[in-house]
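Data from run24.cif: mmCIF, C-alpha atoms
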```
data_run
#
loop_
_atom_site.label_atom_id
_atom_site.label_comp_id
_atom_site.auth_asym_id
_atom_site.auth_seq_id
_atom_site.Cartn_x
_atom_site.Cartn_y
_atom_site.Cartn_z
CA MET A 1 -0.37 32.98 5.95
CA PRO A 2 -3.77 31.28 6.32
CA GLY A 3 -3.55 27.50 6.39
CA ASP A 4 -0.01 27.42 7.72
CA LEU A 5 0.57 24.90 10.47
CA PRO A 6 3.36 25.18 13.05
CA HIS A 7 6.44 23.06 12.42
CA PRO A 8 9.35 22.71 14.83
CA GLU A 9 12.60 24.33 13.82
CA ARG A 10 15.45 21.89 13.19
CA SER A 11 16.97 22.78 16.58
CA GLU A 12 13.68 21.90 18.32
CA ILE A 13 13.38 18.35 16.91
CA ARG A 14 13.97 15.75 19.61
CA LEU A 15 14.95 12.13 19.05
CA THR A 16 12.33 10.85 21.49
CA ASP A 17 9.56 12.67 19.61
CA VAL A 18 10.74 11.32 16.25
CA LEU A 19 10.96 7.76 17.56
CA PHE A 20 7.51 8.03 19.15
CA ALA A 21 6.00 9.35 15.91
CA LEU A 22 7.52 6.51 13.91
CA SER A 23 6.68 3.82 16.47
CA ASP A 24 3.11 3.46 15.21
CA PRO A 25 2.84 1.16 12.15
CA GLU A 26 0.35 3.46 10.40
CA ARG A 27 2.45 6.59 10.90
CA LEU A 28 5.54 4.66 9.79
CA ALA A 29 3.69 3.60 6.62
CA ILE A 30 2.97 7.26 5.87
CA ALA A 31 6.63 8.20 6.37
CA ARG A 32 7.68 5.35 4.05
CA GLN A 33 5.40 6.68 1.32
CA LEU A 34 6.92 10.14 1.68
CA ALA A 35 10.46 8.73 1.40
CA ASP A 36 9.88 8.54 -2.37
CA GLY A 37 8.97 12.22 -2.57
CA PRO A 38 6.24 14.73 -1.72
CA LEU A 39 2.60 13.69 -1.87
CA ASP A 40 -0.71 15.46 -1.82
CA MET A 41 -2.30 14.74 1.55
CA ALA A 42 -5.30 13.18 -0.19
CA ALA A 43 -3.00 10.70 -1.98
CA CYS A 44 -1.06 9.76 1.15
CA HIS A 45 -2.69 7.02 3.17
CA ALA A 46 -2.13 4.71 6.06
CA THR A 47 -2.15 0.97 5.46
CA ASP A 48 -5.81 0.71 6.51
CA PRO A 49 -7.94 2.58 3.94
CA ASN A 50 -10.97 2.38 6.26
CA LEU A 51 -9.43 4.64 8.91
CA PRO A 52 -11.58 7.68 9.69
CA LYS A 53 -10.39 11.01 8.29
CA SER A 54 -9.93 12.29 11.84
CA THR A 55 -7.50 9.46 12.60
CA LYS A 56 -5.49 10.23 9.47
CA SER A 57 -5.39 13.90 10.47
CA HIS A 58 -4.15 12.92 13.92
CA PHE A 59 -1.39 10.78 12.38
CA MET A 60 -0.29 13.76 10.27
CA LYS A 61 -0.33 16.04 13.31
CA VAL A 62 1.87 13.68 15.34
CA LEU A 63 4.35 13.35 12.47
CA ARG A 64 4.39 17.12 11.87
CA GLU A 65 4.79 18.10 15.52
CA ALA A 66 7.64 15.60 15.92
CA GLY A 67 9.45 17.16 12.96
CA VAL A 68 9.18 14.11 10.73
CA ILE A 69 7.08 15.74 7.99
CA ARG A 70 6.09 19.14 6.64
CA ASN A 71 2.41 19.73 5.91
CA GLU A 72 2.07 22.89 3.85
CA PRO A 73 -0.64 24.55 1.79
CA HIS A 74 -0.42 23.89 -1.93
CA GLY A 75 -3.27 25.67 -3.66
CA ARG A 76 -6.49 24.27 -2.23
CA ARG A 77 -4.75 21.12 -1.04
CA ARG A 78 -1.93 20.24 1.35
CA LEU A 79 1.49 18.94 0.33
CA LEU A 80 3.31 16.49 2.61
CA THR A 81 7.07 16.10 2.56
CA LEU A 82 9.50 14.09 4.66
CA ARG A 83 11.99 16.30 6.52
CA ARG A 84 14.89 14.10 5.45
CA ASP A 85 17.52 16.88 5.40
CA ASP A 86 16.69 17.95 8.95
CA LEU A 87 16.47 14.41 10.31
CA ASP A 88 19.65 13.24 8.55
CA ALA A 89 21.55 16.28 9.88
CA LEU A 90 20.39 15.67 13.44
CA PHE A 91 20.35 11.87 13.53
CA PRO A 92 22.57 10.47 10.73
CA GLY A 93 21.41 7.08 9.48
CA LEU A 94 18.33 6.92 11.70
CA LEU A 95 15.73 7.60 9.04
CA ASP A 96 17.19 5.13 6.55
CA SER A 97 17.37 2.48 9.25
CA VAL A 98 13.82 2.99 10.49
CA LEU A 99 12.24 3.29 7.03
CA ARG A 100 14.05 0.23 5.71
CA GLY A 101 13.12 -1.95 8.72
#
```
Written as structure tokens, how would this file's structure read?
Amino acid sequence: MPGDLPHPERSEIRLTDVLFALSDPERLAIARQLADGPLDMAACHATDPNLPKSTKSHFMKVLREAGVIRNEPHGRRRLLTLRRDDLDALFPGLLDSVLRG
């Protein structure tokens, strides 16, 4: 389907990739926003609103490729969701601990 981006399967998600993706304060802020539920990519933002669009896109790519988020087409926009079920199944308690911190 046009607009689809590759996402790792649950079995391909690695702890080191998840921890790296969440180690950046801006990417962590994005994950914290998604903990409350899905967001339109345009509504999801890092803590610095002056970041270039390319930087925001890179943050989303790192989070997606690590298996932390899903970034899927939703009409003419993109819907972001936290992959809580996958992460909780693989690493119980990790996500709650990191997002709460």
Exercise. Run through the PyMOL selection byres ((chain A and resi 63) around 12) on the given coordinates and return the selected residues as a ChimeraX atom specification.
Key: /A:6-8,13,17-24,26-31,34,56-62,64-71,80-83
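For the residues A:Leu99, A:Ala46, A:Leu15, A:Met41, ranking by smallest atom-to-atom distance to Leu79 in chain A using only C-alpha atoms places A:Met41 first.
Distance-wise, CA of Glu72 in chain A and CA of Leu5 in chain A end up 7.1 Å apart.
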Exercise. Record the distance separating CA of Cys44 in chain A and CA of Asp4 in chain A, expressed in Å with one decimal.
Key: 18.9 Å
Practice problem: Can you turn the PyMOL selection byres ((chain A and resi 90) around 12) into a concrete residue list for this file, as a count of residues only? | Solution: 22
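When CA of Pro52 in chain A is paired with CA of Arg76 in chain A, their separation reads 21.1 Å.
Using only C-alpha atoms, the shortest contact distance between Thr47 in chain A and any of A:Thr16, A:Val98, A:Pro25, A:His74 is found at A:Pro25.
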Where is the centre and how long are the edges: axis-aligned box on range 47-51 of chain A, 3 Å on each side, Å to one decimal, as lines of an AutoDock Vina configuration file:
```
center_x = -6.6
center_y = 2.7
center_z = 6.4
size_x = 14.8
size_y = 9.9
size_z = 11.0
```
Because some atoms of range 49-60 of chain A are absent here, can you restore all heavy atoms and send them as a PDB file, in the frame of the given file?
```pdb
ATOM      1  N   PRO A  49      -7.178   1.543   4.648  1.00  0.00           N
ATOM      2  CA  PRO A  49      -7.940   2.580   3.940  1.00  0.00           C
ATOM      3  C   PRO A  49      -9.273   2.923   4.615  1.00  0.00           C
ATOM      4  O   PRO A  49      -9.899   3.912   4.274  1.00  0.00           O
ATOM      5  CB  PRO A  49      -8.171   1.967   2.552  1.00  0.00           C
ATOM      6  CG  PRO A  49      -8.048   0.501   2.750  1.00  0.00           C
ATOM      7  CD  PRO A  49      -7.102   0.302   3.906  1.00  0.00           C
ATOM      8  N   ASN A  50      -9.699   2.132   5.574  1.00  0.00           N
ATOM      9  CA  ASN A  50     -10.970   2.380   6.260  1.00  0.00           C
ATOM     10  C   ASN A  50     -10.830   3.262   7.502  1.00  0.00           C
ATOM     11  O   ASN A  50     -11.808   3.471   8.211  1.00  0.00           O
ATOM     12  CB  ASN A  50     -11.620   1.048   6.654  1.00  0.00           C
ATOM     13  CG  ASN A  50     -11.937   0.211   5.440  1.00  0.00           C
ATOM     14  OD1 ASN A  50     -12.446   0.713   4.441  1.00  0.00           O
ATOM     15  ND2 ASN A  50     -11.623  -1.067   5.507  1.00  0.00           N
ATOM     16  N   LEU A  51      -9.621   3.766   7.758  1.00  0.00           N
ATOM     17  CA  LEU A  51      -9.430   4.640   8.910  1.00  0.00           C
ATOM     18  C   LEU A  51     -10.234   5.923   8.733  1.00  0.00           C
ATOM     19  O   LEU A  51     -10.288   6.480   7.626  1.00  0.00           O
ATOM     20  CB  LEU A  51      -7.958   5.010   9.077  1.00  0.00           C
ATOM     21  CG  LEU A  51      -7.052   3.931   9.640  1.00  0.00           C
ATOM     22  CD1 LEU A  51      -5.602   4.398   9.598  1.00  0.00           C
ATOM     23  CD2 LEU A  51      -7.436   3.579  11.050  1.00  0.00           C
ATOM     24  N   PRO A  52     -10.850   6.414   9.788  1.00  0.00           N
ATOM     25  CA  PRO A  52     -11.580   7.680   9.690  1.00  0.00           C
ATOM     26  C   PRO A  52     -10.634   8.825   9.339  1.00  0.00           C
ATOM     27  O   PRO A  52      -9.439   8.808   9.662  1.00  0.00           O
ATOM     28  CB  PRO A  52     -12.144   7.885  11.101  1.00  0.00           C
ATOM     29  CG  PRO A  52     -12.036   6.570  11.772  1.00  0.00           C
ATOM     30  CD  PRO A  52     -10.932   5.809  11.115  1.00  0.00           C
ATOM     31  N   LYS A  53     -11.172   9.836   8.677  1.00  0.00           N
ATOM     32  CA  LYS A  53     -10.390  11.010   8.290  1.00  0.00           C
ATOM     33  C   LYS A  53      -9.759  11.677   9.509  1.00  0.00           C
ATOM     34  O   LYS A  53      -8.630  12.160   9.448  1.00  0.00           O
ATOM     35  CB  LYS A  53     -11.301  11.992   7.549  1.00  0.00           C
ATOM     36  CG  LYS A  53     -10.591  13.138   6.927  1.00  0.00           C
ATOM     37  CD  LYS A  53     -11.558  13.986   6.117  1.00  0.00           C
ATOM     38  CE  LYS A  53     -10.849  15.156   5.489  1.00  0.00           C
ATOM     39  NZ  LYS A  53     -11.763  15.986   4.707  1.00  0.00           N
ATOM     40  N   SER A  54     -10.470  11.676  10.632  1.00  0.00           N
ATOM     41  CA  SER A  54      -9.930  12.290  11.840  1.00  0.00           C
ATOM     42  C   SER A  54      -8.695  11.560  12.346  1.00  0.00           C
ATOM     43  O   SER A  54      -7.765  12.178  12.858  1.00  0.00           O
ATOM     44  CB  SER A  54     -11.001  12.351  12.935  1.00  0.00           C
ATOM     45  OG  SER A  54     -11.439  11.052  13.271  1.00  0.00           O
ATOM     46  N   THR A  55      -8.667  10.246  12.187  1.00  0.00           N
ATOM     47  CA  THR A  55      -7.500   9.460  12.600  1.00  0.00           C
ATOM     48  C   THR A  55      -6.313   9.786  11.711  1.00  0.00           C
ATOM     49  O   THR A  55      -5.190   9.977  12.188  1.00  0.00           O
ATOM     50  CB  THR A  55      -7.814   7.958  12.573  1.00  0.00           C
ATOM     51  OG1 THR A  55      -8.927   7.707  13.437  1.00  0.00           O
ATOM     52  CG2 THR A  55      -6.628   7.127  13.020  1.00  0.00           C
ATOM     53  N   LYS A  56      -6.567   9.874  10.410  1.00  0.00           N
ATOM     54  CA  LYS A  56      -5.490  10.230   9.470  1.00  0.00           C
ATOM     55  C   LYS A  56      -4.948  11.612   9.807  1.00  0.00           C
ATOM     56  O   LYS A  56      -3.739  11.822   9.832  1.00  0.00           O
ATOM     57  CB  LYS A  56      -6.025  10.193   8.039  1.00  0.00           C
ATOM     58  CG  LYS A  56      -4.994  10.548   7.009  1.00  0.00           C
ATOM     59  CD  LYS A  56      -5.572  10.500   5.603  1.00  0.00           C
ATOM     60  CE  LYS A  56      -4.606  11.034   4.587  1.00  0.00           C
ATOM     61  NZ  LYS A  56      -5.168  11.054   3.238  1.00  0.00           N
ATOM     62  N   SER A  57      -5.826  12.551  10.103  1.00  0.00           N
ATOM     63  CA  SER A  57      -5.390  13.900  10.470  1.00  0.00           C
ATOM     64  C   SER A  57      -4.537  13.879  11.730  1.00  0.00           C
ATOM     65  O   SER A  57      -3.540  14.594  11.838  1.00  0.00           O
ATOM     66  CB  SER A  57      -6.601  14.816  10.684  1.00  0.00           C
ATOM     67  OG  SER A  57      -7.269  15.027   9.486  1.00  0.00           O
ATOM     68  N   HIS A  58      -4.931  13.037  12.688  1.00  0.00           N
ATOM     69  CA  HIS A  58      -4.150  12.920  13.920  1.00  0.00           C
ATOM     70  C   HIS A  58      -2.761  12.348  13.621  1.00  0.00           C
ATOM     71  O   HIS A  58      -1.750  12.823  14.172  1.00  0.00           O
ATOM     72  CB  HIS A  58      -4.878  12.064  14.949  1.00  0.00           C
ATOM     73  CG  HIS A  58      -4.102  11.884  16.200  1.00  0.00           C
ATOM     74  ND1 HIS A  58      -3.896  12.905  17.108  1.00  0.00           N
ATOM     75  CD2 HIS A  58      -3.429  10.809  16.690  1.00  0.00           C
ATOM     76  CE1 HIS A  58      -3.144  12.458  18.106  1.00  0.00           C
ATOM     77  NE2 HIS A  58      -2.849  11.190  17.875  1.00  0.00           N
ATOM     78  N   PHE A  59      -2.686  11.343  12.765  1.00  0.00           N
ATOM     79  CA  PHE A  59      -1.390  10.780  12.380  1.00  0.00           C
ATOM     80  C   PHE A  59      -0.501  11.866  11.795  1.00  0.00           C
ATOM     81  O   PHE A  59       0.686  11.969  12.128  1.00  0.00           O
ATOM     82  CB  PHE A  59      -1.551   9.666  11.341  1.00  0.00           C
ATOM     83  CG  PHE A  59      -2.132   8.393  11.866  1.00  0.00           C
ATOM     84  CD1 PHE A  59      -2.711   7.487  10.994  1.00  0.00           C
ATOM     85  CD2 PHE A  59      -2.108   8.065  13.204  1.00  0.00           C
ATOM     86  CE1 PHE A  59      -3.240   6.295  11.441  1.00  0.00           C
ATOM     87  CE2 PHE A  59      -2.640   6.878  13.670  1.00  0.00           C
ATOM     88  CZ  PHE A  59      -3.207   5.992  12.777  1.00  0.00           C
ATOM     89  N   MET A  60      -1.064  12.692  10.911  1.00  0.00           N
ATOM     90  CA  MET A  60      -0.290  13.760  10.270  1.00  0.00           C
ATOM     91  C   MET A  60       0.173  14.783  11.304  1.00  0.00           C
ATOM     92  O   MET A  60       1.296  15.276  11.240  1.00  0.00           O
ATOM     93  CB  MET A  60      -1.113  14.459   9.192  1.00  0.00           C
ATOM     94  CG  MET A  60      -1.567  13.565   8.072  1.00  0.00           C
ATOM     95  SD  MET A  60      -0.205  12.716   7.248  1.00  0.00           S
ATOM     96  CE  MET A  60      -1.118  11.687   6.125  1.00  0.00           C
TER      97      MET A  60
END
```
